[in-house]
Each structure stands twice: as structure tokens, then as C-alpha cells.
$ cat model_31.cif   # mmCIF, C-alpha atoms
data_target
#
loop_
_atom_site.label_atom_id
_atom_site.label_comp_id
_atom_site.auth_asym_id
_atom_site.auth_seq_id
_atom_site.Cartn_x
_atom_site.Cartn_y
_atom_site.Cartn_z
CA MET U 1 27.69 -0.98 -8.55
CA ILE U 2 28.58 -0.73 -4.89
CA PRO U 3 28.84 -4.10 -3.12
CA VAL U 4 28.34 -3.93 0.62
CA SER U 5 28.11 -6.71 3.19
CA SER U 6 25.01 -7.45 5.23
CA ALA U 7 25.24 -10.58 7.41
CA HIS U 8 25.76 -13.55 5.05
CA PHE U 9 24.79 -11.62 1.96
CA SER U 10 26.15 -8.73 0.03
CA VAL U 11 23.93 -5.95 -1.18
CA ILE U 12 24.59 -4.74 -4.67
CA SER U 13 22.96 -1.63 -5.97
CA ARG U 14 22.20 -2.93 -9.45
CA ILE U 15 21.00 -0.23 -11.73
CA TYR U 16 20.04 -1.41 -15.19
CA ARG U 17 18.13 1.54 -16.58
CA GLU U 18 19.18 5.17 -16.71
CA THR U 19 16.09 6.24 -14.75
CA ASP U 20 17.02 3.84 -11.93
CA TYR U 21 20.55 5.23 -11.90
CA LEU U 22 19.30 8.82 -11.75
CA LYS U 23 16.84 7.98 -8.96
CA SER U 24 19.50 6.19 -6.89
CA ASN U 25 22.11 8.85 -7.54
CA GLN U 26 19.78 11.69 -6.51
CA TYR U 27 18.63 9.81 -3.40
CA LEU U 28 22.24 9.32 -2.24
CA LYS U 29 23.15 12.93 -2.99
CA ASP U 30 20.17 14.18 -0.96
CA LEU U 31 20.77 11.76 1.91
CA LEU U 32 24.49 12.43 2.25
CA LYS U 33 24.69 16.13 1.34
CA ASP U 34 25.08 17.34 4.95
CA ILE U 35 27.06 14.34 6.18
CA PRO U 36 30.65 15.34 7.06
CA PHE U 37 32.02 11.86 6.33
CA ILE U 38 31.02 8.20 6.15
CA ILE U 39 32.47 5.12 7.82
CA ILE U 40 33.28 2.21 5.52
CA LYS U 41 33.78 -1.07 7.37
CA SER U 42 35.39 -3.50 4.95
CA TYR U 43 35.48 -7.25 5.52
CA TYR U 44 37.06 -8.90 2.51
CA ARG U 45 36.99 -9.08 -1.26
CA GLY U 46 34.11 -10.91 -2.84
CA LYS U 47 33.84 -13.35 -5.69
CA PHE U 48 34.62 -10.69 -8.30
CA ASP U 49 37.45 -9.10 -6.25
CA ARG U 50 35.29 -6.17 -5.10
CA PHE U 51 35.41 -5.02 -1.51
CA LEU U 52 32.40 -6.05 0.57
CA CYS U 53 31.59 -3.53 3.26
CA ASP U 54 29.06 -1.83 5.51
CA ILE U 55 28.57 1.92 5.21
CA PHE U 56 27.52 4.05 8.20
CA TYR U 57 26.65 7.75 8.33
CA MET U 58 25.33 10.33 10.81
CA LYS U 59 24.49 13.99 10.39
CA ASP U 60 26.41 16.46 12.57
CA GLU U 61 28.58 13.78 14.21
CA LEU U 62 32.37 13.77 14.02
CA ASP U 63 33.17 10.85 16.34
CA PRO U 64 33.67 7.67 14.26
CA GLN U 65 32.80 5.38 17.20
CA VAL U 66 29.47 7.15 17.73
CA ILE U 67 28.69 6.85 14.02
CA LEU U 68 29.44 3.10 14.10
CA GLU U 69 27.27 2.58 17.19
CA LYS U 70 24.34 4.93 16.51
CA GLY U 71 24.59 6.06 12.90
CA GLY U 72 22.46 5.14 9.93
CA PHE U 73 23.23 1.92 8.08
CA LEU U 74 23.31 2.86 4.39
CA ASN U 75 23.04 -0.76 3.25
CA GLN U 76 19.66 -1.18 4.97
CA LYS U 77 18.46 2.24 3.86
CA LEU U 78 19.07 1.32 0.21
CA LEU U 79 17.22 -1.97 0.69
CA ASP U 80 14.28 -0.24 2.38
CA LYS U 81 13.97 2.27 -0.47
CA GLY U 82 14.14 -0.46 -3.13
CA LEU U 83 17.41 0.93 -4.51
CA ALA U 84 19.38 -2.25 -3.77
CA LYS U 85 18.59 -5.90 -3.36
CA ILE U 86 20.01 -8.79 -1.37
CA PHE U 87 22.40 -10.80 -3.45
CA ASP U 88 23.71 -14.21 -2.39
CA TRP U 89 27.40 -13.70 -3.10
CA LYS U 90 28.19 -17.41 -2.66
CA SER U 91 26.28 -18.44 -5.76
#

$ encode --input "model_31.cif" --output "C-alpha cells"
Amino acid sequence: MIPVSSAHFSVISRIYRETDYLKSNQYLKDLLKDIPFIIIKSYYRGKFDRFLCDIFYMKDELDPQVILEKGGFLNQKLLDKGLAKIFDWKS
């Protein structure tokens, strides 16, 4: 489980079945295979003492500021692909 912040919610990639895990794992491997590094922007620890963060990435870019401003937002990508869901961390 990877909790990441998105506005007032945190996104948690909840994988209950092995097939879901394998699908999510392969998707992330394929997406990030040519990415030199990722940017993890952490805000605070959540209810269960896990870090809540945003994850940004960009192929062939080495400038962290450019990645933050123009890079892909992994949190949203996982939501769009149905590999994560919005979770109200306050409840």
C-alpha cells in the first residue's frame, strides 16, 4: 500500500487480490522503467503513521524543478487507470 496525498484526500493503492497486485506492479514497472528518478513531495504522516505524499515523474528530465512543474502526477495516473482509489483519510 502506497498512501499519497491528493488535495484533501489520500490515494491508497489497495490491492486485495493477487491479480490486482500483479497488474498494478507491472503497470508501474512499465511506466517507470525509463524514468531516471522520481520526486516524492511529502506533507505529513497520516492516521496510521504513514507518509502522505505526491509522486512526480518525467522521462529524460534531470531537473527536479522541471519535473515538479511539468512532470506526470503518479497519483492521478493510478486513479485514471483504476489502480488506486480516493480514500477519505479523515474518517

$ closest_residue --input "model_31.cif" --among "U:Leu22, U:Ile86, U:Ile67, U:Cys53" --to "Pro36 of chain U" --atoms "all atoms listed in the file"
U:Ile67

$ atom_distance --input "model_31.cif" --atom1 "atom CA of Met58 of chain U" --atom2 "atom CA of Ile38 of chain U"
7.7 Å

$ closest_residue --input "model_31.cif" --among "U:Lys47, U:Lys33, U:Lys41, U:Lys23" --to "Gln65 of chain U" --atoms "all atoms listed in the file"
U:Lys41

$ atom_distance --input "model_31.cif" --atom1 "atom CA of Leu68 of chain U" --atom2 "atom CA of Leu31 of chain U"
17.3 Å

$ residues_around --input "model_31.cif" --residues "Leu28 of chain U" --least-positions-apart "6" --cutoff "10 Å" --atoms "only C-alpha atoms" --output "PyMOL selection string"
chain U and resi 22+74+78+83

$ residues_around --input "model_31.cif" --residues "Lys70 of chain U" --least-positions-apart "2" --cutoff "12 Å" --atoms "all atoms listed in the file" --output "PDB file with C-alpha atoms, in the frame of the given file"
ATOM      1  CA  ILE U  39      32.470   5.120   7.820  1.00  0.00           C
ATOM      2  CA  PHE U  56      27.520   4.050   8.200  1.00  0.00           C
ATOM      3  CA  TYR U  57      26.650   7.750   8.330  1.00  0.00           C
ATOM      4  CA  MET U  58      25.330  10.330  10.810  1.00  0.00           C
ATOM      5  CA  LYS U  59      24.490  13.990  10.390  1.00  0.00           C
ATOM      6  CA  GLU U  61      28.580  13.780  14.210  1.00  0.00           C
ATOM      7  CA  ASP U  63      33.170  10.850  16.340  1.00  0.00           C
ATOM      8  CA  PRO U  64      33.670   7.670  14.260  1.00  0.00           C
ATOM      9  CA  GLN U  65      32.800   5.380  17.200  1.00  0.00           C
ATOM     10  CA  VAL U  66      29.470   7.150  17.730  1.00  0.00           C
ATOM     11  CA  ILE U  67      28.690   6.850  14.020  1.00  0.00           C
ATOM     12  CA  LEU U  68      29.440   3.100  14.100  1.00  0.00           C
ATOM     13  CA  GLY U  72      22.460   5.140   9.930  1.00  0.00           C
ATOM     14  CA  PHE U  73      23.230   1.920   8.080  1.00  0.00           C
TER      15      PHE U  73
END

$ atom_distance --input "model_31.cif" --atom1 "atom CA of Phe37 of chain U" --atom2 "atom CA of Asp60 of chain U"
9.6 Å

$ decode --input "model_31.cif" --residues "segment 55-77 of chain U" --atoms "C-alpha atoms" --output "compact mmCIF listing (two decimals), in the first residue's frame"
# COMPACT_ATOMS: atom_id res chain seq x y z
CA ILE U 55 4.80 11.48 -6.63
CA PHE U 56 6.01 13.16 -9.83
CA TYR U 57 7.98 11.68 -12.73
CA MET U 58 9.23 12.68 -16.19
CA LYS U 59 11.11 10.74 -18.82
CA ASP U 60 14.51 12.09 -19.87
CA GLU U 61 14.45 15.00 -17.40
CA LEU U 62 17.07 15.52 -14.71
CA ASP U 63 15.98 18.89 -13.31
CA PRO U 64 13.80 18.34 -10.21
CA GLN U 65 12.06 21.73 -10.59
CA VAL U 66 11.03 20.92 -14.17
CA ILE U 67 9.69 17.55 -13.04
CA LEU U 68 7.63 19.20 -10.28
CA GLU U 69 6.22 21.81 -12.69
CA LYS U 70 5.69 19.76 -15.86
CA GLY U 71 6.08 16.10 -14.94
CA GLY U 72 3.47 13.39 -14.67
CA PHE U 73 1.49 13.11 -11.45
CA LEU U 74 1.62 9.43 -10.49
CA ASN U 75 -1.26 9.75 -8.03
CA GLN U 76 -3.66 10.86 -10.78
CA LYS U 77 -2.30 8.31 -13.24
